[in-house]
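Shown below: protein_39.pdb, with PDB, C-alpha atoms, pLDDT in the B column.
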```pdb
ATOM      1  CA  MET A1192      -8.765 -26.211  27.847  1.00 74.00           C
ATOM      2  CA  PRO A1193      -9.677 -26.115  31.544  1.00 80.00           C
ATOM      3  CA  SER A1194     -13.182 -24.954  32.442  1.00 88.00           C
ATOM      4  CA  ILE A1195     -13.859 -23.702  35.967  1.00 94.00           C
ATOM      5  CA  GLU A1196     -16.596 -21.837  37.776  1.00 96.00           C
ATOM      6  CA  ILE A1197     -15.305 -18.493  38.982  1.00 97.00           C
ATOM      7  CA  ASN A1198     -17.516 -16.371  41.197  1.00 97.00           C
ATOM      8  CA  GLY A1199     -20.605 -18.173  39.940  1.00 96.00           C
ATOM      9  CA  HIS A1200     -19.775 -18.028  36.227  1.00 96.00           C
ATOM     10  CA  MET A1201     -18.362 -20.837  34.084  1.00 95.00           C
ATOM     11  CA  ARG A1202     -15.197 -19.864  32.291  1.00 93.00           C
ATOM     12  CA  ASP A1203     -13.005 -21.675  29.756  1.00 93.00           C
ATOM     13  CA  PHE A1204      -9.281 -20.956  29.833  1.00 92.00           C
ATOM     14  CA  ASP A1205      -7.108 -21.361  26.773  1.00 93.00           C
ATOM     15  CA  VAL A1206      -3.977 -22.028  28.826  1.00 95.00           C
ATOM     16  CA  ALA A1207      -1.815 -25.038  29.619  1.00 94.00           C
ATOM     17  CA  ASP A1208      -3.108 -27.255  32.431  1.00 94.00           C
ATOM     18  CA  ASP A1209      -0.009 -26.498  34.505  1.00 96.00           C
ATOM     19  CA  THR A1210      -0.580 -22.723  34.431  1.00 96.00           C
ATOM     20  CA  PRO A1211      -0.856 -21.424  37.995  1.00 97.00           C
ATOM     21  CA  LEU A1212      -4.444 -20.506  38.828  1.00 97.00           C
ATOM     22  CA  LEU A1213      -3.218 -17.095  40.020  1.00 98.00           C
ATOM     23  CA  TRP A1214      -2.038 -16.127  36.546  1.00 97.00           C
ATOM     24  CA  ALA A1215      -5.168 -17.450  34.869  1.00 96.00           C
ATOM     25  CA  LEU A1216      -7.272 -15.340  37.230  1.00 97.00           C
ATOM     26  CA  ARG A1217      -5.179 -12.197  36.868  1.00 97.00           C
ATOM     27  CA  ASP A1218      -3.963 -12.305  33.265  1.00 96.00           C
ATOM     28  CA  VAL A1219      -6.775 -14.146  31.496  1.00 95.00           C
ATOM     29  CA  ALA A1220      -9.898 -13.462  33.575  1.00 95.00           C
ATOM     30  CA  GLY A1221      -8.836  -9.936  34.583  1.00 96.00           C
ATOM     31  CA  LEU A1222      -9.546 -10.585  38.272  1.00 97.00           C
ATOM     32  CA  THR A1223      -6.635  -8.644  39.726  1.00 96.00           C
ATOM     33  CA  GLY A1224      -7.789  -8.539  43.348  1.00 96.00           C
ATOM     34  CA  THR A1225      -5.896 -11.764  43.993  1.00 97.00           C
ATOM     35  CA  LYS A1226      -2.269 -10.721  44.480  1.00 97.00           C
ATOM     36  CA  PHE A1227       1.116 -12.256  43.744  1.00 96.00           C
ATOM     37  CA  GLY A1228       3.332 -12.246  46.791  1.00 94.00           C
ATOM     38  CA  CYS A1229       5.959 -14.958  47.010  1.00 94.00           C
ATOM     39  CA  GLY A1230       5.084 -17.538  44.358  1.00 93.00           C
ATOM     40  CA  VAL A1231       5.725 -20.459  46.726  1.00 95.00           C
ATOM     41  CA  ALA A1232       2.577 -20.465  48.937  1.00 93.00           C
ATOM     42  CA  LEU A1233       4.246 -18.908  51.974  1.00 93.00           C
ATOM     43  CA  CYS A1234       2.686 -15.438  52.226  1.00 96.00           C
ATOM     44  CA  GLY A1235      -1.042 -15.955  51.556  1.00 96.00           C
ATOM     45  CA  CYS A1236      -1.504 -12.967  49.211  1.00 96.00           C
ATOM     46  CA  CYS A1237      -2.879 -15.242  46.489  1.00 97.00           C
ATOM     47  CA  THR A1238      -5.518 -16.962  48.639  1.00 98.00           C
ATOM     48  CA  VAL A1239      -8.787 -17.880  46.915  1.00 98.00           C
ATOM     49  CA  HIS A1240     -11.485 -20.381  47.833  1.00 98.00           C
ATOM     50  CA  LEU A1241     -11.734 -23.734  46.084  1.00 98.00           C
ATOM     51  CA  ASP A1242     -15.147 -25.216  46.841  1.00 96.00           C
ATOM     52  CA  GLY A1243     -15.234 -22.999  49.943  1.00 95.00           C
ATOM     53  CA  GLU A1244     -11.763 -23.884  51.247  1.00 96.00           C
ATOM     54  CA  PRO A1245      -8.822 -21.463  51.146  1.00 97.00           C
ATOM     55  CA  ILE A1246      -5.974 -22.410  48.792  1.00 97.00           C
ATOM     56  CA  ARG A1247      -2.869 -20.685  47.483  1.00 98.00           C
ATOM     57  CA  SER A1248      -3.490 -19.962  43.825  1.00 98.00           C
ATOM     58  CA  CYS A1249       0.183 -19.333  43.035  1.00 98.00           C
ATOM     59  CA  VAL A1250       1.000 -23.044  43.402  1.00 98.00           C
ATOM     60  CA  THR A1251      -2.306 -24.518  42.234  1.00 98.00           C
ATOM     61  CA  ALA A1252      -2.384 -25.602  38.605  1.00 97.00           C
ATOM     62  CA  ILE A1253      -5.503 -24.605  36.733  1.00 96.00           C
ATOM     63  CA  GLY A1254      -5.814 -28.157  35.436  1.00 94.00           C
ATOM     64  CA  ASP A1255      -6.183 -29.373  39.034  1.00 96.00           C
ATOM     65  CA  VAL A1256      -9.273 -27.228  39.609  1.00 96.00           C
ATOM     66  CA  ALA A1257     -11.110 -27.943  36.362  1.00 92.00           C
ATOM     67  CA  GLY A1258     -14.829 -28.397  36.967  1.00 91.00           C
ATOM     68  CA  ARG A1259     -14.664 -26.965  40.487  1.00 95.00           C
ATOM     69  CA  LYS A1260     -15.804 -23.685  42.069  1.00 97.00           C
ATOM     70  CA  ILE A1261     -13.405 -20.812  42.689  1.00 98.00           C
ATOM     71  CA  THR A1262     -14.344 -17.724  44.701  1.00 98.00           C
ATOM     72  CA  THR A1263     -12.066 -14.701  44.589  1.00 98.00           C
ATOM     73  CA  ILE A1264     -11.956 -11.498  46.609  1.00 98.00           C
ATOM     74  CA  GLU A1265     -14.151  -9.865  43.962  1.00 98.00           C
ATOM     75  CA  ALA A1266     -17.110 -12.043  45.037  1.00 98.00           C
ATOM     76  CA  ILE A1267     -16.410 -12.947  48.682  1.00 97.00           C
ATOM     77  CA  GLY A1268     -18.779 -10.200  49.845  1.00 96.00           C
ATOM     78  CA  GLU A1269     -21.642 -12.156  48.282  1.00 97.00           C
ATOM     79  CA  THR A1270     -21.219 -14.840  50.952  1.00 96.00           C
ATOM     80  CA  GLU A1271     -22.529 -14.359  54.483  1.00 97.00           C
ATOM     81  CA  ALA A1272     -19.135 -14.801  56.130  1.00 97.00           C
ATOM     82  CA  GLY A1273     -17.379 -12.705  53.497  1.00 97.00           C
ATOM     83  CA  ALA A1274     -19.812  -9.813  53.912  1.00 98.00           C
ATOM     84  CA  LYS A1275     -19.305  -9.887  57.693  1.00 98.00           C
ATOM     85  CA  ILE A1276     -15.526  -9.945  57.337  1.00 98.00           C
ATOM     86  CA  GLN A1277     -15.507  -7.081  54.835  1.00 97.00           C
ATOM     87  CA  LYS A1278     -17.749  -4.985  57.088  1.00 98.00           C
ATOM     88  CA  ALA A1279     -15.545  -5.703  60.100  1.00 98.00           C
ATOM     89  CA  TRP A1280     -12.424  -4.781  58.103  1.00 97.00           C
ATOM     90  CA  LEU A1281     -13.994  -1.399  57.359  1.00 96.00           C
ATOM     91  CA  ASP A1282     -15.429  -0.888  60.843  1.00 97.00           C
ATOM     92  CA  LEU A1283     -12.038  -1.471  62.480  1.00 96.00           C
ATOM     93  CA  GLU A1284      -9.952   0.147  59.723  1.00 95.00           C
ATOM     94  CA  VAL A1285      -7.723  -2.913  59.402  1.00 96.00           C
ATOM     95  CA  VAL A1286      -5.953  -1.980  56.191  1.00 92.00           C
ATOM     96  CA  GLN A1287      -2.653  -0.145  56.172  1.00 90.00           C
ATOM     97  CA  CYS A1288      -0.894  -0.627  52.800  1.00 90.00           C
ATOM     98  CA  GLY A1289      -3.545  -3.137  51.730  1.00 88.00           C
ATOM     99  CA  TYR A1290      -1.438  -5.433  49.562  1.00 92.00           C
ATOM    100  CA  CYS A1291      -2.003  -8.586  51.624  1.00 93.00           C
ATOM    101  CA  GLN A1292      -5.576  -7.807  52.569  1.00 95.00           C
ATOM    102  CA  SER A1293      -7.365  -9.764  49.842  1.00 96.00           C
ATOM    103  CA  GLY A1294      -5.596 -12.915  51.030  1.00 97.00           C
ATOM    104  CA  GLN A1295      -6.236 -12.036  54.671  1.00 97.00           C
ATOM    105  CA  ILE A1296      -9.945 -11.506  53.983  1.00 97.00           C
ATOM    106  CA  MET A1297     -10.215 -14.770  52.036  1.00 98.00           C
ATOM    107  CA  SER A1298      -8.633 -16.759  54.878  1.00 98.00           C
ATOM    108  CA  ALA A1299     -10.731 -14.989  57.509  1.00 98.00           C
ATOM    109  CA  ALA A1300     -13.955 -15.555  55.549  1.00 98.00           C
ATOM    110  CA  ALA A1301     -13.202 -19.278  55.258  1.00 98.00           C
ATOM    111  CA  LEU A1302     -12.542 -19.420  58.996  1.00 98.00           C
ATOM    112  CA  LEU A1303     -15.794 -17.663  59.867  1.00 98.00           C
ATOM    113  CA  ALA A1304     -17.809 -19.762  57.403  1.00 97.00           C
ATOM    114  CA  GLY A1305     -16.631 -22.941  59.121  1.00 97.00           C
ATOM    115  CA  ASN A1306     -16.433 -21.616  62.670  1.00 97.00           C
ATOM    116  CA  PRO A1307     -18.767 -18.700  63.443  1.00 96.00           C
ATOM    117  CA  LYS A1308     -17.277 -18.126  66.930  1.00 97.00           C
ATOM    118  CA  PRO A1309     -13.522 -18.718  66.582  1.00 98.00           C
ATOM    119  CA  SER A1310     -11.190 -18.661  69.576  1.00 97.00           C
ATOM    120  CA  ASP A1311      -7.822 -16.923  69.523  1.00 96.00           C
ATOM    121  CA  GLY A1312      -6.238 -20.291  68.800  1.00 96.00           C
ATOM    122  CA  ASP A1313      -8.627 -20.902  65.902  1.00 97.00           C
ATOM    123  CA  ILE A1314      -7.769 -17.483  64.479  1.00 97.00           C
ATOM    124  CA  ASP A1315      -4.034 -18.090  64.890  1.00 96.00           C
ATOM    125  CA  THR A1316      -4.273 -21.427  63.082  1.00 96.00           C
ATOM    126  CA  ALA A1317      -6.440 -20.153  60.234  1.00 96.00           C
ATOM    127  CA  MET A1318      -4.414 -17.000  59.666  1.00 97.00           C
ATOM    128  CA  SER A1319      -0.922 -18.417  60.227  1.00 94.00           C
ATOM    129  CA  GLY A1320      -0.154 -18.657  56.515  1.00 91.00           C
ATOM    130  CA  ASN A1321      -0.958 -15.018  55.817  1.00 95.00           C
ATOM    131  CA  ILE A1322       1.827 -12.477  56.184  1.00 95.00           C
ATOM    132  CA  CYS A1323       1.257  -8.760  56.708  1.00 94.00           C
ATOM    133  CA  ARG A1324       4.419  -6.728  56.323  1.00 92.00           C
ATOM    134  CA  CYS A1325       2.703  -3.722  57.926  1.00 92.00           C
ATOM    135  CA  GLY A1326       1.961  -5.723  61.074  1.00 92.00           C
ATOM    136  CA  THR A1327      -1.804  -5.242  61.216  1.00 93.00           C
ATOM    137  CA  TYR A1328      -2.228  -8.568  63.021  1.00 95.00           C
ATOM    138  CA  PRO A1329      -3.908  -7.094  66.127  1.00 95.00           C
ATOM    139  CA  ARG A1330      -6.477  -5.298  63.930  1.00 96.00           C
ATOM    140  CA  ILE A1331      -7.003  -8.450  61.840  1.00 97.00           C
ATOM    141  CA  ARG A1332      -7.696 -10.507  64.977  1.00 97.00           C
ATOM    142  CA  ALA A1333     -10.026  -7.811  66.329  1.00 97.00           C
ATOM    143  CA  ALA A1334     -11.885  -7.637  63.012  1.00 98.00           C
ATOM    144  CA  ILE A1335     -12.407 -11.403  62.903  1.00 98.00           C
ATOM    145  CA  LYS A1336     -13.784 -11.304  66.464  1.00 98.00           C
ATOM    146  CA  HIS A1337     -15.969  -8.335  65.527  1.00 98.00           C
ATOM    147  CA  ALA A1338     -17.269 -10.138  62.425  1.00 98.00           C
ATOM    148  CA  ALA A1339     -18.291 -13.058  64.626  1.00 97.00           C
ATOM    149  CA  THR A1340     -20.645 -10.715  66.501  1.00 96.00           C
ATOM    150  CA  ILE A1341     -22.293  -9.073  63.478  1.00 91.00           C
TER     151      ILE A1341
END
```
Would you mind writing the file out in structure tokens?
Amino acid sequence: MPSIEINGHMRDFDVADDTPLLWALRDVAGLTGTKFGCGVALCGCCTVHLDGEPIRSCVTAIGDVAGRKITTIEAIGETEAGAKIQKAWLDLEVVQCGYCQSGQIMSAAALLAGNPKPSDGDIDTAMSGNICRCGTYPRIRAAIKHAATI
């Protein structure tokens, strides 16, 4: 039975060790902000933080994260970078359909936490694994730059 810290709280999961973290979060823990997109780590919808680093939860087995810290979109606003990113997303009205935005925010928050003044190249690299079917990329880039000034 894997035990992991999610958003600051220890949680035991009565699931097989090879269960994707995404499904443990959504179906067992009830944290539905993390979305299923492609199931093969290509779209970024399922991005969460593992010990502060962005990972794709759809291809990460829960057994591989036992004893470690997971942060989901539900708690990213409690971090300094996450709060700045969320504010910038609202200030610049980034969201269109919104489906990919939890993954976008998680990747952007990790970028800002590690690099408080990212260049365009830094943003491109950090966000390259996150797909937005609505094409809000210019607003996402602007929001990350705005968050760096807050």
When the PyMOL selection byres ((chain A and resi 1237) around 12) is applied to the file above, which residues end up in the set, as a tab-separated table (two decimals) with C-alpha atoms, keeping the file's coordinate frame?
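selection15.tsv, freshly written:
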```tsv
chain	number	residue	atom	x	y	z
A	1211	PRO	CA	-0.86	-21.42	37.99
A	1212	LEU	CA	-4.44	-20.51	38.83
A	1213	LEU	CA	-3.22	-17.10	40.02
A	1214	TRP	CA	-2.04	-16.13	36.55
A	1216	LEU	CA	-7.27	-15.34	37.23
A	1217	ARG	CA	-5.18	-12.20	36.87
A	1222	LEU	CA	-9.55	-10.58	38.27
A	1223	THR	CA	-6.64	-8.64	39.73
A	1224	GLY	CA	-7.79	-8.54	43.35
A	1225	THR	CA	-5.90	-11.76	43.99
A	1226	LYS	CA	-2.27	-10.72	44.48
A	1227	PHE	CA	1.12	-12.26	43.74
A	1228	GLY	CA	3.33	-12.25	46.79
A	1229	CYS	CA	5.96	-14.96	47.01
A	1230	GLY	CA	5.08	-17.54	44.36
A	1231	VAL	CA	5.72	-20.46	46.73
A	1232	ALA	CA	2.58	-20.46	48.94
A	1233	LEU	CA	4.25	-18.91	51.97
A	1234	CYS	CA	2.69	-15.44	52.23
A	1235	GLY	CA	-1.04	-15.96	51.56
A	1236	CYS	CA	-1.50	-12.97	49.21
A	1238	THR	CA	-5.52	-16.96	48.64
A	1239	VAL	CA	-8.79	-17.88	46.92
A	1240	HIS	CA	-11.48	-20.38	47.83
A	1245	PRO	CA	-8.82	-21.46	51.15
A	1246	ILE	CA	-5.97	-22.41	48.79
A	1247	ARG	CA	-2.87	-20.68	47.48
A	1248	SER	CA	-3.49	-19.96	43.82
A	1249	CYS	CA	0.18	-19.33	43.04
A	1250	VAL	CA	1.00	-23.04	43.40
A	1251	THR	CA	-2.31	-24.52	42.23
A	1262	THR	CA	-14.34	-17.72	44.70
A	1263	THR	CA	-12.07	-14.70	44.59
A	1264	ILE	CA	-11.96	-11.50	46.61
A	1290	TYR	CA	-1.44	-5.43	49.56
A	1291	CYS	CA	-2.00	-8.59	51.62
A	1292	GLN	CA	-5.58	-7.81	52.57
A	1293	SER	CA	-7.36	-9.76	49.84
A	1294	GLY	CA	-5.60	-12.92	51.03
A	1295	GLN	CA	-6.24	-12.04	54.67
A	1296	ILE	CA	-9.94	-11.51	53.98
A	1297	MET	CA	-10.22	-14.77	52.04
A	1298	SER	CA	-8.63	-16.76	54.88
A	1320	GLY	CA	-0.15	-18.66	56.52
A	1321	ASN	CA	-0.96	-15.02	55.82
A	1322	ILE	CA	1.83	-12.48	56.18
```
The PyMOL selection byres ((chain A and resi 1200) around 12) resolved against shown file, as a PyMOL selection string: chain A and resi 1194-1199+1201-1203+1220+1258-1263+1266
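Among the candidates A:Lys1308, A:Ala1215, A:Leu1241, A:Pro1329, the residue lying nearest to Ile1341 of chain A is A:Lys1308 (atoms considered: only C-alpha atoms).
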Pick out the closest residue to Ile1331 of chain A from this set: A:Leu1302, A:Gly1312, A:Met1318, A:Val1285. Count all atoms listed in the file. A:Val1285
May I ask which of the residues A:Pro1307, A:Asp1218, A:Ala1252, A:Gly1289 is the closest one to Thr1340 of chain A, counting all atoms listed in the file? A:Pro1307
Distance criterion (only C-alpha atoms): nearest to Cys1325 of chain A out of A:Thr1210, A:Glu1265, A:Val1286, A:Ala1279: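 Result for the nearest residue to Cys1325 of chain A: A:Val1286.
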Residue completion, segment 1213-1236 of chain A, N, CA and C atoms, as an mmCIF file, keeping the file's coordinate frame:
```cif
data_model
loop_
_atom_site.group_PDB
_atom_site.id
_atom_site.type_symbol
_atom_site.label_atom_id
_atom_site.label_comp_id
_atom_site.auth_asym_id
_atom_site.auth_seq_id
_atom_site.Cartn_x
_atom_site.Cartn_y
_atom_site.Cartn_z
ATOM 1 N N LEU A 1213 -3.401 -18.531 39.797
ATOM 2 C CA LEU A 1213 -3.218 -17.095 40.020
ATOM 3 C C LEU A 1213 -3.100 -16.346 38.706
ATOM 4 N N TRP A 1214 -2.272 -16.842 37.806
ATOM 5 C CA TRP A 1214 -2.038 -16.127 36.546
ATOM 6 C C TRP A 1214 -3.224 -16.238 35.610
ATOM 7 N N ALA A 1215 -3.947 -17.342 35.664
ATOM 8 C CA ALA A 1215 -5.168 -17.450 34.869
ATOM 9 C C ALA A 1215 -6.201 -16.437 35.363
ATOM 10 N N LEU A 1216 -6.325 -16.308 36.670
ATOM 11 C CA LEU A 1216 -7.272 -15.340 37.230
ATOM 12 C C LEU A 1216 -6.885 -13.913 36.866
ATOM 13 N N ARG A 1217 -5.628 -13.571 37.077
ATOM 14 C CA ARG A 1217 -5.179 -12.197 36.868
ATOM 15 C C ARG A 1217 -5.048 -11.845 35.382
ATOM 16 N N ASP A 1218 -4.327 -12.670 34.636
ATOM 17 C CA ASP A 1218 -3.963 -12.305 33.265
ATOM 18 C C ASP A 1218 -5.017 -12.665 32.227
ATOM 19 N N VAL A 1219 -5.772 -13.725 32.482
ATOM 20 C CA VAL A 1219 -6.775 -14.146 31.496
ATOM 21 C C VAL A 1219 -8.164 -13.637 31.888
ATOM 22 N N ALA A 1220 -8.557 -13.863 33.139
ATOM 23 C CA ALA A 1220 -9.898 -13.462 33.575
ATOM 24 C C ALA A 1220 -9.976 -11.993 33.991
ATOM 25 N N GLY A 1221 -8.835 -11.348 34.205
ATOM 26 C CA GLY A 1221 -8.836 -9.936 34.583
ATOM 27 C C GLY A 1221 -9.244 -9.686 36.025
ATOM 28 N N LEU A 1222 -9.185 -10.715 36.862
ATOM 29 C CA LEU A 1222 -9.546 -10.585 38.272
ATOM 30 C C LEU A 1222 -8.264 -10.304 39.059
ATOM 31 N N THR A 1223 -7.931 -9.037 39.171
ATOM 32 C CA THR A 1223 -6.635 -8.644 39.726
ATOM 33 C C THR A 1223 -6.645 -8.408 41.236
ATOM 34 N N GLY A 1224 -7.743 -8.682 41.895
ATOM 35 C CA GLY A 1224 -7.789 -8.539 43.348
ATOM 36 C C GLY A 1224 -6.936 -9.568 44.061
ATOM 37 N N THR A 1225 -6.762 -10.732 43.451
ATOM 38 C CA THR A 1225 -5.896 -11.764 43.993
ATOM 39 C C THR A 1225 -4.464 -11.379 43.651
ATOM 40 N N LYS A 1226 -3.612 -11.273 44.661
ATOM 41 C CA LYS A 1226 -2.269 -10.721 44.480
ATOM 42 C C LYS A 1226 -1.192 -11.790 44.409
ATOM 43 N N PHE A 1227 -0.096 -11.448 43.727
ATOM 44 C CA PHE A 1227 1.116 -12.256 43.744
ATOM 45 C C PHE A 1227 1.990 -11.739 44.866
ATOM 46 N N GLY A 1228 2.447 -12.648 45.706
ATOM 47 C CA GLY A 1228 3.332 -12.246 46.791
ATOM 48 C C GLY A 1228 4.672 -12.936 46.685
ATOM 49 N N CYS A 1229 4.692 -14.235 46.945
ATOM 50 C CA CYS A 1229 5.959 -14.958 47.010
ATOM 51 C C CYS A 1229 6.116 -15.996 45.905
ATOM 52 N N GLY A 1230 5.025 -16.516 45.401
ATOM 53 C CA GLY A 1230 5.084 -17.538 44.358
ATOM 54 C C GLY A 1230 5.340 -18.945 44.856
ATOM 55 N N VAL A 1231 5.461 -19.131 46.172
ATOM 56 C CA VAL A 1231 5.725 -20.459 46.726
ATOM 57 C C VAL A 1231 4.790 -20.807 47.897
ATOM 58 N N ALA A 1232 3.632 -20.166 47.959
ATOM 59 C CA ALA A 1232 2.577 -20.465 48.937
ATOM 60 C C ALA A 1232 2.966 -20.189 50.386
ATOM 61 N N LEU A 1233 3.824 -19.215 50.611
ATOM 62 C CA LEU A 1233 4.246 -18.908 51.974
ATOM 63 C C LEU A 1233 3.610 -17.651 52.551
ATOM 64 N N CYS A 1234 3.129 -16.735 51.706
ATOM 65 C CA CYS A 1234 2.686 -15.438 52.226
ATOM 66 C C CYS A 1234 1.161 -15.279 52.305
ATOM 67 N N GLY A 1235 0.414 -16.022 51.501
ATOM 68 C CA GLY A 1235 -1.042 -15.955 51.556
ATOM 69 C C GLY A 1235 -1.693 -14.884 50.710
ATOM 70 N N CYS A 1236 -0.919 -14.040 50.030
ATOM 71 C CA CYS A 1236 -1.504 -12.967 49.211
ATOM 72 C C CYS A 1236 -2.432 -13.498 48.120
#
```
